[in-house]
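Scroll down for the structure; my scribbles are underneath it.
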Amino acid sequence: MSGQPDMRVRLGRLELDNPVMVASGTFGFGREYEQLVAIERLGAIVTKGLSLQPRPGNPAPRIAETPAGLLNSIGLENPGLQVFLDDKLPWLRRQRPAVVVNIFGTTVDEYARLAARLDAAEGVDALEVNISCPNVERGGLTFGADAGAAAEVAAAVRSATGKPVLVKLTPNVTDIVAIARRVAACGVDGLVLINTLRGMAIDIHSGRPRLGNVIGGLSGPAIRPVAVRAVYEVAQALDVPLVGCGGICGWQDAVEFMLAGARAVQIGSATFRRPGTAVEILPGIEKFLRQTGRSSVGELCGALETGD
Amino acid sequence: MVVTSPVHIEAELLARRRHADHLFELEFRVNRAVAGARPGQFVMLGPIGELALDPFLCRPFSIYRADGEKLSLLVAVVGRGTRLLLEIEPPARLGMLGPLGNGFRVPAAAREIVLVAGGLGVAPLAFLAERLARQGRSVLLVVGVRSAAGLPPLRWLVERGVQVEVASEDGSRGRRGTAIDVLGRLLAGRQLPADSTYLAGCGPRAMLQALHRLTKQRGWQVEVSLENRMACGTGACLGCTLQLAGGENARVCREGPVFAAGEVFL
Ligand SMILES: Cc1cc2nc3c(=O)[nH]c(=O)nc-3n(C[C@H](O)[C@H](O)[C@H](O)COP(=O)(O)OP(=O)(O)OC[C@H]3O[C@@H](n4cnc5c(N)ncnc54)[C@H](O)[C@@H]3O)c2cc1C
Ligand SMILES: Cc1cc2nc3c(=O)[nH]c(=O)nc-3n(C[C@H](O)[C@H](O)[C@H](O)COP(=O)(O)O)c2cc1C
Ligand code: FES
């Protein structure tokens, strides 16, 4: 096999130059990494979760390192829609990667209003609907853990915008396929699996929780097997395009998600260890494709063999 | 203010010197971009053990010395990450992201400069003191420790013209008491002018709060350097956000780690 493999991927109506994105909340609004990462080589930038109004987030400490990962309880601190449109989007829109705006609301109506406002915003290529944040009292998980509520949000966003819509699911459920099925039926362009797992850590010396908010979301390689399983289960059951996310640190991990059924991947916490992780993964995937005689990255999707 | 933008490099660990029981200096060869750091800036070091996933996160450390292409950190053994870090035998390579944060902003007009360090807080203040002394400015550095066993070397600062006062809680070196006790005694009765006096503090939060209480009526410019848990160090994750006295949020890694004392404490 010679020549460069075709790295383009398509998630419903969202087309990307390559399958590697940076995950929401781990890359700010992109500019934080302007000088550190060859941003033009990313497939997409997913922004920090955005709400209609600014949110101050949770009390410190918001980070607790745990084995092969971390707990966070940021609490969706963000500057709100207007500041995003005025101060963040103008820079983002000039960048080459697709701009995917992660949105969050405390009511179905808030999700729909956000989607409608962003529908009109030039430079926003897609929305990623966060119904899976474990760190907020209202919204987040209350939508993501219930198939009916999840579908209600997905349908509301879907009808509020003509832009591609991805919905990000939580692993904190018994049957992720049931939720994925209802959300996919709303005609969304893809599903992102997974957000963080609810977790907790205690400082035994002080006898206090290690997070100000007591409970937080676990991310990093510690959750990768859970995420790969989620992608696999949903891919087996449904035809909707999937984006794998959870603990990816190297190209091998990205390939693992693709074999399980993901068309694209998101890099989250690994960026904290090595800012360039997302772009450094690309050549590894390309080399693997050449070595295995594949001419496009799409050929990896779901290529898992489970028979003898 | 010129702020160098951060870079991510493979730093070469050249030497590891033990200064006290749990206190080491790590000397690295970096590059000019990182070594061009301003006092008060820091680096994220790691991952510790490139392929090991645990510890997962990098560790923030203040820059203690920087010159040419060399940079030193003063590292205390605190937990697993620092223990593993200090087991690494030089020469070795380690990821380093920096310089990060804002750094101290000593006004050009400052004539009376007093730096107050509690414990490891001495790292960024030693760097600042050395730079100011190099500019020929007179600097008093008060270093507070529990006992003499926790002291890093200070003679190099004295040789460069920094006036150093040691405060030890057990009286084993210098004056007995905390850095703030000693500062209080040094300042008592002195009329330092409001417009040309600058103080900076780095150390435990309670010490910084005490520094603020001691100085807030005097009209001096007082800065404090803060710590918080960090994941990214670049302003992206919002893990290090603190609420300032006025209620607004600030990222220690980006808007800080140096803040005006009055911004942080009421
Ligand atoms: C801006 C800044 C400058 C610093 N400068 C220095 C310095 O010059 N010299 C020095 O020895 N130490 C410094 N520290 C503290 C140093 O980062 C911690 O001691 C170190 O991270 C502890 O890691 P550990 O694995 O040994 O401890 P553990 O307690 O096992 O670490 C667990 C987690 O908590 C974090 N953590 C623990 N203590 C602190 C702390 N005090 N501040 C921030 N995160 C912490 C760790 O990074 C890690 O994510 C600084 C911290 C900050 C934020
Ligand atoms: C500090 C931090 C902040 C996050 N913020 C968001 C967010 O705002 N919206 C969201 O949908 N996911 C958020 N996430 C979840 C990540 O996007 C990702 O789904 C998760 O961390 C798993 O991937 P990883 O193991 O590669 O980090 C956040 C994760 C972290 C660690
Ligand atoms: S450590 Fe991530 S924003 Fe400060």
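In the structure tokens, chains take letters A, B, ... by order of appearance, with residues numbered from 1 within each chain and ligands from 1 in the order shown.
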
Kindly assemble as JSON lines a list of the chain B residues that lie within 9 Å of ligand 1, each paired with its nearest atom pair and their distance in Å to one decimal, using only C-alpha atoms and all ligand atoms, sorted first by chain and then by ascending residue number.
{"residue": "B:Leu23", "atom": "CA", "partner": "ligand 1", "partner_atom_place_in_ligand_line": "11 (O)", "distance": 7.6}
{"residue": "B:Phe24", "atom": "CA", "partner": "ligand 1", "partner_atom_place_in_ligand_line": "11 (O)", "distance": 8.3}
{"residue": "B:Gly40", "atom": "CA", "partner": "ligand 1", "partner_atom_place_in_ligand_line": "1 (C)", "distance": 8.2}
{"residue": "B:Gln41", "atom": "CA", "partner": "ligand 1", "partner_atom_place_in_ligand_line": "1 (C)", "distance": 7.5}
{"residue": "B:Phe42", "atom": "CA", "partner": "ligand 1", "partner_atom_place_in_ligand_line": "1 (C)", "distance": 5.8}
{"residue": "B:Val43", "atom": "CA", "partner": "ligand 1", "partner_atom_place_in_ligand_line": "3 (C)", "distance": 7.9}
{"residue": "B:Met44", "atom": "CA", "partner": "ligand 1", "partner_atom_place_in_ligand_line": "17 (O)", "distance": 8.4}
{"residue": "B:Pro55", "atom": "CA", "partner": "ligand 1", "partner_atom_place_in_ligand_line": "25 (O)", "distance": 7.2}
{"residue": "B:Phe56", "atom": "CA", "partner": "ligand 1", "partner_atom_place_in_ligand_line": "49 (O)", "distance": 8.0}
{"residue": "B:Leu57", "atom": "CA", "partner": "ligand 1", "partner_atom_place_in_ligand_line": "49 (O)", "distance": 5.9}
{"residue": "B:Cys58", "atom": "CA", "partner": "ligand 1", "partner_atom_place_in_ligand_line": "47 (O)", "distance": 6.7}
{"residue": "B:Arg59", "atom": "CA", "partner": "ligand 1", "partner_atom_place_in_ligand_line": "21 (O)", "distance": 4.5}
{"residue": "B:Pro60", "atom": "CA", "partner": "ligand 1", "partner_atom_place_in_ligand_line": "17 (O)", "distance": 4.2}
{"residue": "B:Phe61", "atom": "CA", "partner": "ligand 1", "partner_atom_place_in_ligand_line": "5 (N)", "distance": 3.5}
{"residue": "B:Ser62", "atom": "CA", "partner": "ligand 1", "partner_atom_place_in_ligand_line": "8 (O)", "distance": 3.9}
{"residue": "B:Ile63", "atom": "CA", "partner": "ligand 1", "partner_atom_place_in_ligand_line": "8 (O)", "distance": 6.3}
{"residue": "B:Tyr64", "atom": "CA", "partner": "ligand 1", "partner_atom_place_in_ligand_line": "8 (O)", "distance": 6.7}
{"residue": "B:Leu73", "atom": "CA", "partner": "ligand 1", "partner_atom_place_in_ligand_line": "8 (O)", "distance": 6.0}
{"residue": "B:Leu74", "atom": "CA", "partner": "ligand 1", "partner_atom_place_in_ligand_line": "9 (N)", "distance": 5.0}
{"residue": "B:Val75", "atom": "CA", "partner": "ligand 1", "partner_atom_place_in_ligand_line": "11 (O)", "distance": 3.5}
{"residue": "B:Ala76", "atom": "CA", "partner": "ligand 1", "partner_atom_place_in_ligand_line": "11 (O)", "distance": 3.9}
{"residue": "B:Val77", "atom": "CA", "partner": "ligand 1", "partner_atom_place_in_ligand_line": "26 (O)", "distance": 5.8}
{"residue": "B:Val78", "atom": "CA", "partner": "ligand 1", "partner_atom_place_in_ligand_line": "26 (O)", "distance": 4.2}
{"residue": "B:Gly79", "atom": "CA", "partner": "ligand 1", "partner_atom_place_in_ligand_line": "26 (O)", "distance": 3.2}
{"residue": "B:Arg80", "atom": "CA", "partner": "ligand 1", "partner_atom_place_in_ligand_line": "25 (O)", "distance": 4.4}
{"residue": "B:Gly81", "atom": "CA", "partner": "ligand 1", "partner_atom_place_in_ligand_line": "25 (O)", "distance": 3.0}
{"residue": "B:Thr82", "atom": "CA", "partner": "ligand 1", "partner_atom_place_in_ligand_line": "26 (O)", "distance": 3.6}
{"residue": "B:Arg83", "atom": "CA", "partner": "ligand 1", "partner_atom_place_in_ligand_line": "26 (O)", "distance": 6.0}
{"residue": "B:Leu84", "atom": "CA", "partner": "ligand 1", "partner_atom_place_in_ligand_line": "26 (O)", "distance": 8.0}
{"residue": "B:Leu85", "atom": "CA", "partner": "ligand 1", "partner_atom_place_in_ligand_line": "26 (O)", "distance": 8.2}
{"residue": "B:Leu100", "atom": "CA", "partner": "ligand 1", "partner_atom_place_in_ligand_line": "1 (C)", "distance": 8.6}
{"residue": "B:Gly101", "atom": "CA", "partner": "ligand 1", "partner_atom_place_in_ligand_line": "1 (C)", "distance": 7.8}
{"residue": "B:Leu120", "atom": "CA", "partner": "ligand 1", "partner_atom_place_in_ligand_line": "9 (N)", "distance": 5.5}
{"residue": "B:Gly121", "atom": "CA", "partner": "ligand 1", "partner_atom_place_in_ligand_line": "8 (O)", "distance": 6.7}
{"residue": "B:Val122", "atom": "CA", "partner": "ligand 1", "partner_atom_place_in_ligand_line": "8 (O)", "distance": 7.7}
{"residue": "B:Ala123", "atom": "CA", "partner": "ligand 1", "partner_atom_place_in_ligand_line": "8 (O)", "distance": 5.0}
{"residue": "B:Pro124", "atom": "CA", "partner": "ligand 1", "partner_atom_place_in_ligand_line": "8 (O)", "distance": 6.6}
{"residue": "B:Pro204", "atom": "CA", "partner": "ligand 1", "partner_atom_place_in_ligand_line": "41 (N)", "distance": 8.7}
{"residue": "B:Ser225", "atom": "CA", "partner": "ligand 1", "partner_atom_place_in_ligand_line": "1 (C)", "distance": 7.5}
{"residue": "B:Leu226", "atom": "CA", "partner": "ligand 1", "partner_atom_place_in_ligand_line": "1 (C)", "distance": 6.4}
{"residue": "B:Glu227", "atom": "CA", "partner": "ligand 1", "partner_atom_place_in_ligand_line": "53 (C)", "distance": 3.7}
{"residue": "B:Asn228", "atom": "CA", "partner": "ligand 1", "partner_atom_place_in_ligand_line": "43 (C)", "distance": 4.6}
{"residue": "B:Arg229", "atom": "CA", "partner": "ligand 1", "partner_atom_place_in_ligand_line": "44 (N)", "distance": 4.0}
{"residue": "B:Met230", "atom": "CA", "partner": "ligand 1", "partner_atom_place_in_ligand_line": "44 (N)", "distance": 6.0}
{"residue": "B:Ala231", "atom": "CA", "partner": "ligand 1", "partner_atom_place_in_ligand_line": "49 (O)", "distance": 7.0}
{"residue": "B:Gly233", "atom": "CA", "partner": "ligand 1", "partner_atom_place_in_ligand_line": "53 (C)", "distance": 8.7}
{"residue": "B:Cys240", "atom": "CA", "partner": "ligand 1", "partner_atom_place_in_ligand_line": "53 (C)", "distance": 8.3}
{"residue": "B:Val252", "atom": "CA", "partner": "ligand 1", "partner_atom_place_in_ligand_line": "1 (C)", "distance": 7.3}
{"residue": "B:Cys253", "atom": "CA", "partner": "ligand 1", "partner_atom_place_in_ligand_line": "1 (C)", "distance": 6.7}
{"residue": "B:Gly256", "atom": "CA", "partner": "ligand 1", "partner_atom_place_in_ligand_line": "1 (C)", "distance": 8.1}
{"residue": "B:Pro257", "atom": "CA", "partner": "ligand 1", "partner_atom_place_in_ligand_line": "1 (C)", "distance": 5.7}
{"residue": "B:Val258", "atom": "CA", "partner": "ligand 1", "partner_atom_place_in_ligand_line": "1 (C)", "distance": 8.8}

Counting only C-alpha atoms and all ligand atoms, which protein, DNA or RNA residues come within 6 Å of ligand 2, given as a list in words?
Ala23, Ser24, Gly25, Thr26, Lys48, Gly49, Asn72, Leu76, Asn130, Ile194, Asn195, Thr196, Ser219, Gly220, Pro221, Cys245, Gly246, Gly247, Ile248, Ile267, Gly268 and Ser269 of chain A; Cys237 of chain B

What does the file look like for those residues with N, CA and C atoms, as a short mmCIF file (atom, residue, chain, number, x, y, z; two decimals), in the first residue's frame?
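The result, stored in part39.cif:
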data_model
loop_
_atom_site.label_atom_id
_atom_site.label_comp_id
_atom_site.auth_asym_id
_atom_site.auth_seq_id
_atom_site.Cartn_x
_atom_site.Cartn_y
_atom_site.Cartn_z
N ALA A 23 -11.19 17.15 23.39
CA ALA A 23 -12.45 17.00 24.12
C ALA A 23 -12.82 18.25 24.90
N SER A 24 -14.10 18.43 25.06
CA SER A 24 -14.63 19.59 25.78
C SER A 24 -14.06 19.68 27.20
N GLY A 25 -13.70 20.91 27.57
CA GLY A 25 -13.25 21.16 28.93
C GLY A 25 -11.78 20.91 29.17
N THR A 26 -11.12 20.35 28.17
CA THR A 26 -9.70 20.06 28.34
C THR A 26 -8.83 20.92 27.43
N LYS A 48 -15.03 24.33 25.64
CA LYS A 48 -15.52 24.15 27.01
C LYS A 48 -17.04 24.28 26.97
N GLY A 49 -17.72 23.55 27.82
CA GLY A 49 -19.19 23.59 27.89
C GLY A 49 -19.71 25.01 28.09
N ASN A 72 -12.47 15.48 38.44
CA ASN A 72 -12.65 16.93 38.39
C ASN A 72 -14.07 17.27 38.81
N LEU A 76 -18.78 23.20 35.31
CA LEU A 76 -19.14 23.94 34.09
C LEU A 76 -18.97 25.44 34.20
N ASN A 130 -24.14 18.42 25.76
CA ASN A 130 -23.67 17.76 26.97
C ASN A 130 -24.86 17.45 27.87
N ILE A 194 -17.36 8.67 25.85
CA ILE A 194 -18.22 8.95 26.97
C ILE A 194 -17.76 10.22 27.70
N ASN A 195 -18.64 10.74 28.52
CA ASN A 195 -18.25 11.76 29.49
C ASN A 195 -17.66 11.04 30.70
N THR A 196 -17.36 11.79 31.75
CA THR A 196 -16.67 11.20 32.90
C THR A 196 -17.57 10.28 33.72
N SER A 219 -11.75 10.81 34.78
CA SER A 219 -11.30 10.77 33.39
C SER A 219 -9.90 10.19 33.34
N GLY A 220 -9.39 10.03 32.10
CA GLY A 220 -8.05 9.50 31.94
C GLY A 220 -8.06 8.02 31.64
N PRO A 221 -6.86 7.43 31.46
CA PRO A 221 -6.75 6.02 31.06
C PRO A 221 -7.51 5.07 31.98
N CYS A 245 -14.31 8.54 23.23
CA CYS A 245 -13.59 9.46 24.13
C CYS A 245 -13.45 8.82 25.49
N GLY A 246 -12.27 8.89 26.04
CA GLY A 246 -12.05 8.35 27.38
C GLY A 246 -10.67 7.73 27.48
N GLY A 247 -9.74 8.47 28.04
CA GLY A 247 -8.43 7.92 28.35
C GLY A 247 -7.48 7.72 27.20
N ILE A 248 -7.76 8.31 26.06
CA ILE A 248 -6.85 8.12 24.93
C ILE A 248 -5.55 8.90 25.18
N ILE A 267 -9.56 13.57 22.39
CA ILE A 267 -8.48 13.48 23.36
C ILE A 267 -8.77 14.48 24.47
N GLY A 268 -8.86 14.01 25.69
CA GLY A 268 -9.17 14.89 26.82
C GLY A 268 -8.00 15.06 27.74
N SER A 269 -8.02 14.34 28.84
CA SER A 269 -7.04 14.54 29.91
C SER A 269 -5.59 14.37 29.47
N CYS B 237 -8.25 24.18 31.70
CA CYS B 237 -9.13 23.21 32.38
C CYS B 237 -10.00 23.82 33.47
#

Would you kindly return, as a list of chain:residue names, each protein, DNA or RNA residue with an atom no farther than 10 Å from any atom of Val9 (chain A), considering only C-alpha atoms and excluding same-chain residues fewer than 2 positions away?
A:Asp6, A:Met7, A:Leu11, A:Gly12, A:Leu14, A:Glu15, A:Leu16, A:Asp17, A:Asn18, A:Pro19, A:Val20, A:Gly43, A:Arg263, A:Ala264, A:Ser296, A:Val297, A:Gly298

Which neighbours of Ala64 (chain A) fall inside 8 Å, counting only C-alpha atoms, when residues of the same chain fewer than 3 positions from it are skipped, and could you give them as a PDB file with N, CA, C and O atoms, in the first residue's frame?
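In the end it all went to out.pdb:
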ATOM      1  N   PRO A  61     -10.976  22.502  46.281  1.00  0.00           N
ATOM      2  CA  PRO A  61     -10.246  22.014  45.113  1.00  0.00           C
ATOM      3  C   PRO A  61     -11.168  21.330  44.096  1.00  0.00           C
ATOM      4  O   PRO A  61     -12.107  20.649  44.460  1.00  0.00           O
ATOM      5  N   LEU A  70      -7.800  11.361  36.749  1.00  0.00           N
ATOM      6  CA  LEU A  70      -8.108  12.415  37.709  1.00  0.00           C
ATOM      7  C   LEU A  70      -9.604  12.561  37.869  1.00  0.00           C
ATOM      8  O   LEU A  70     -10.374  12.192  36.980  1.00  0.00           O
ATOM      9  N   LEU A  71      -9.959  13.093  39.038  1.00  0.00           N
ATOM     10  CA  LEU A  71     -11.332  13.505  39.271  1.00  0.00           C
ATOM     11  C   LEU A  71     -11.393  15.002  39.077  1.00  0.00           C
ATOM     12  O   LEU A  71     -10.480  15.716  39.494  1.00  0.00           O
ATOM     13  N   ASN A  72     -12.468  15.485  38.441  1.00  0.00           N
ATOM     14  CA  ASN A  72     -12.651  16.926  38.395  1.00  0.00           C
ATOM     15  C   ASN A  72     -14.070  17.269  38.807  1.00  0.00           C
ATOM     16  O   ASN A  72     -15.002  16.499  38.592  1.00  0.00           O
ATOM     17  N   ALA A 201     -12.841  10.657  45.983  1.00  0.00           N
ATOM     18  CA  ALA A 201     -11.593  10.298  46.657  1.00  0.00           C
ATOM     19  C   ALA A 201     -11.523  11.046  47.986  1.00  0.00           C
ATOM     20  O   ALA A 201     -11.999  12.179  48.101  1.00  0.00           O
ATOM     21  N   ARG A 210     -11.451  14.832  48.751  1.00  0.00           N
ATOM     22  CA  ARG A 210     -10.376  15.537  48.060  1.00  0.00           C
ATOM     23  C   ARG A 210     -10.897  16.555  47.061  1.00  0.00           C
ATOM     24  O   ARG A 210     -10.121  17.313  46.487  1.00  0.00           O
ATOM     25  N   LEU A 211     -12.200  16.568  46.811  1.00  0.00           N
ATOM     26  CA  LEU A 211     -12.798  17.598  45.966  1.00  0.00           C
ATOM     27  C   LEU A 211     -13.705  18.487  46.811  1.00  0.00           C
ATOM     28  O   LEU A 211     -14.419  17.987  47.679  1.00  0.00           O
TER      29      LEU A 211
ATOM     30  N   ARG B 229      -4.429  23.228  43.194  1.00  0.00           N
ATOM     31  CA  ARG B 229      -4.308  22.014  42.370  1.00  0.00           C
ATOM     32  C   ARG B 229      -4.369  22.409  40.905  1.00  0.00           C
ATOM     33  O   ARG B 229      -5.204  23.241  40.540  1.00  0.00           O
TER      34      ARG B 229
END

Taking only residues of chain A that have an atom at most 9 Å from an atom of ligand 3, what is each one's shortest atom pair and its distance in Å to one decimal, using only C-alpha atoms and all ligand atoms, in chain and number order, as a Markdown table?
| residue | atom | partner | partner_atom_place_in_ligand_line | distance |
| --- | --- | --- | --- | --- |
| A:Thr26 | CA | ligand 3 | 2 (Fe) | 8.2 |
| A:Gly28 | CA | ligand 3 | 3 (S) | 8.3 |
| A:Ile63 | CA | ligand 3 | 1 (S) | 8.9 |
| A:Phe272 | CA | ligand 3 | 2 (Fe) | 8.1 |

Only all heavy atoms, please: the residues just picked out, written as a compact mmCIF listing (two decimals), in the first residue's frame.
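New file result_28.txt:
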# COMPACT_ATOMS: atom_id res chain seq x y z
N THR A 26 -11.12 20.35 28.17
CA THR A 26 -9.70 20.06 28.34
C THR A 26 -8.83 20.92 27.43
O THR A 26 -7.60 20.83 27.47
CB THR A 26 -9.39 18.58 28.04
OG1 THR A 26 -9.73 18.32 26.68
CG2 THR A 26 -10.19 17.67 28.94
N GLY A 28 -9.94 24.38 26.75
CA GLY A 28 -10.46 25.74 26.88
C GLY A 28 -11.29 26.12 25.67
O GLY A 28 -12.15 25.37 25.20
N ILE A 63 -9.74 19.57 41.43
CA ILE A 63 -8.97 18.53 40.76
C ILE A 63 -8.40 17.59 41.82
O ILE A 63 -7.88 18.05 42.83
CB ILE A 63 -7.74 19.17 40.04
CG1 ILE A 63 -8.16 20.15 38.96
CG2 ILE A 63 -6.79 18.11 39.51
CD1 ILE A 63 -8.58 19.51 37.68
N PHE A 272 -3.30 17.28 29.20
CA PHE A 272 -2.69 17.87 30.40
C PHE A 272 -1.28 17.33 30.61
O PHE A 272 -0.42 18.00 31.15
CB PHE A 272 -3.53 17.56 31.65
CG PHE A 272 -4.96 18.01 31.58
CD1 PHE A 272 -5.94 17.34 32.29
CD2 PHE A 272 -5.33 19.10 30.80
CE1 PHE A 272 -7.27 17.75 32.24
CE2 PHE A 272 -6.65 19.51 30.74
CZ PHE A 272 -7.62 18.84 31.46

Would you please give, as a PyMOL selection string, all residues of region 203-246 of chain B that DSSP assigns to alpha helix (DSSP H) based on the backbone?
chain B and resi 205-215

Mind pulling up the distance from CA of Val142 (chain B) to CA of Gln243 (chain B)?
28.1 Å

Residues near Gly246 (chain B), anyone? I mean within 9 Å using only C-alpha atoms, not counting same-chain ones fewer than 3 positions away, as JSON, numbers by chain.
{"B": [243, 249, 263, 264, 265, 266]}

Limited to N, CA and C atoms, could you put the picked residues into a file as a PDB file, in the first residue's frame?
ATOM      1  N   GLN B 243     -11.913  31.810  43.918  1.00  0.00           N
ATOM      2  CA  GLN B 243     -12.727  33.006  43.996  1.00  0.00           C
ATOM      3  C   GLN B 243     -11.937  34.087  44.726  1.00  0.00           C
ATOM      4  N   ASN B 249     -13.844  35.166  39.656  1.00  0.00           N
ATOM      5  CA  ASN B 249     -12.973  34.003  39.533  1.00  0.00           C
ATOM      6  C   ASN B 249     -11.626  34.374  38.911  1.00  0.00           C
ATOM      7  N   GLU B 263      -6.505  41.764  46.385  1.00  0.00           N
ATOM      8  CA  GLU B 263      -7.419  41.062  45.481  1.00  0.00           C
ATOM      9  C   GLU B 263      -7.863  39.741  46.085  1.00  0.00           C
ATOM     10  N   VAL B 264      -6.979  39.160  46.903  1.00  0.00           N
ATOM     11  CA  VAL B 264      -7.217  37.809  47.409  1.00  0.00           C
ATOM     12  C   VAL B 264      -7.892  37.831  48.777  1.00  0.00           C
ATOM     13  N   PHE B 265      -7.434  38.747  49.624  1.00  0.00           N
ATOM     14  CA  PHE B 265      -7.927  38.760  51.007  1.00  0.00           C
ATOM     15  C   PHE B 265      -8.682  40.050  51.280  1.00  0.00           C
ATOM     16  N   LEU B 266      -9.712  39.954  52.126  1.00  0.00           N
ATOM     17  CA  LEU B 266     -10.483  41.145  52.490  1.00  0.00           C
ATOM     18  C   LEU B 266      -9.735  41.939  53.557  1.00  0.00           C
TER      19      LEU B 266
END

As an exercise, work out the distance from CA of Ile176 (chain A) to CA of Gly199 (chain A) in Å and give it to one decimal place.
18.2 Å

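The space separating CA of Gly177 (chain B) from CA of Ala129 (chain B) comes to 22.0 Å.
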
At a cut-off of 8 Å, using only C-alpha atoms, what residues contact Asn31 (chain B)? Leave out same-chain residues fewer than 5 positions from it and give the result as number ranges by chain.
B: 68-70
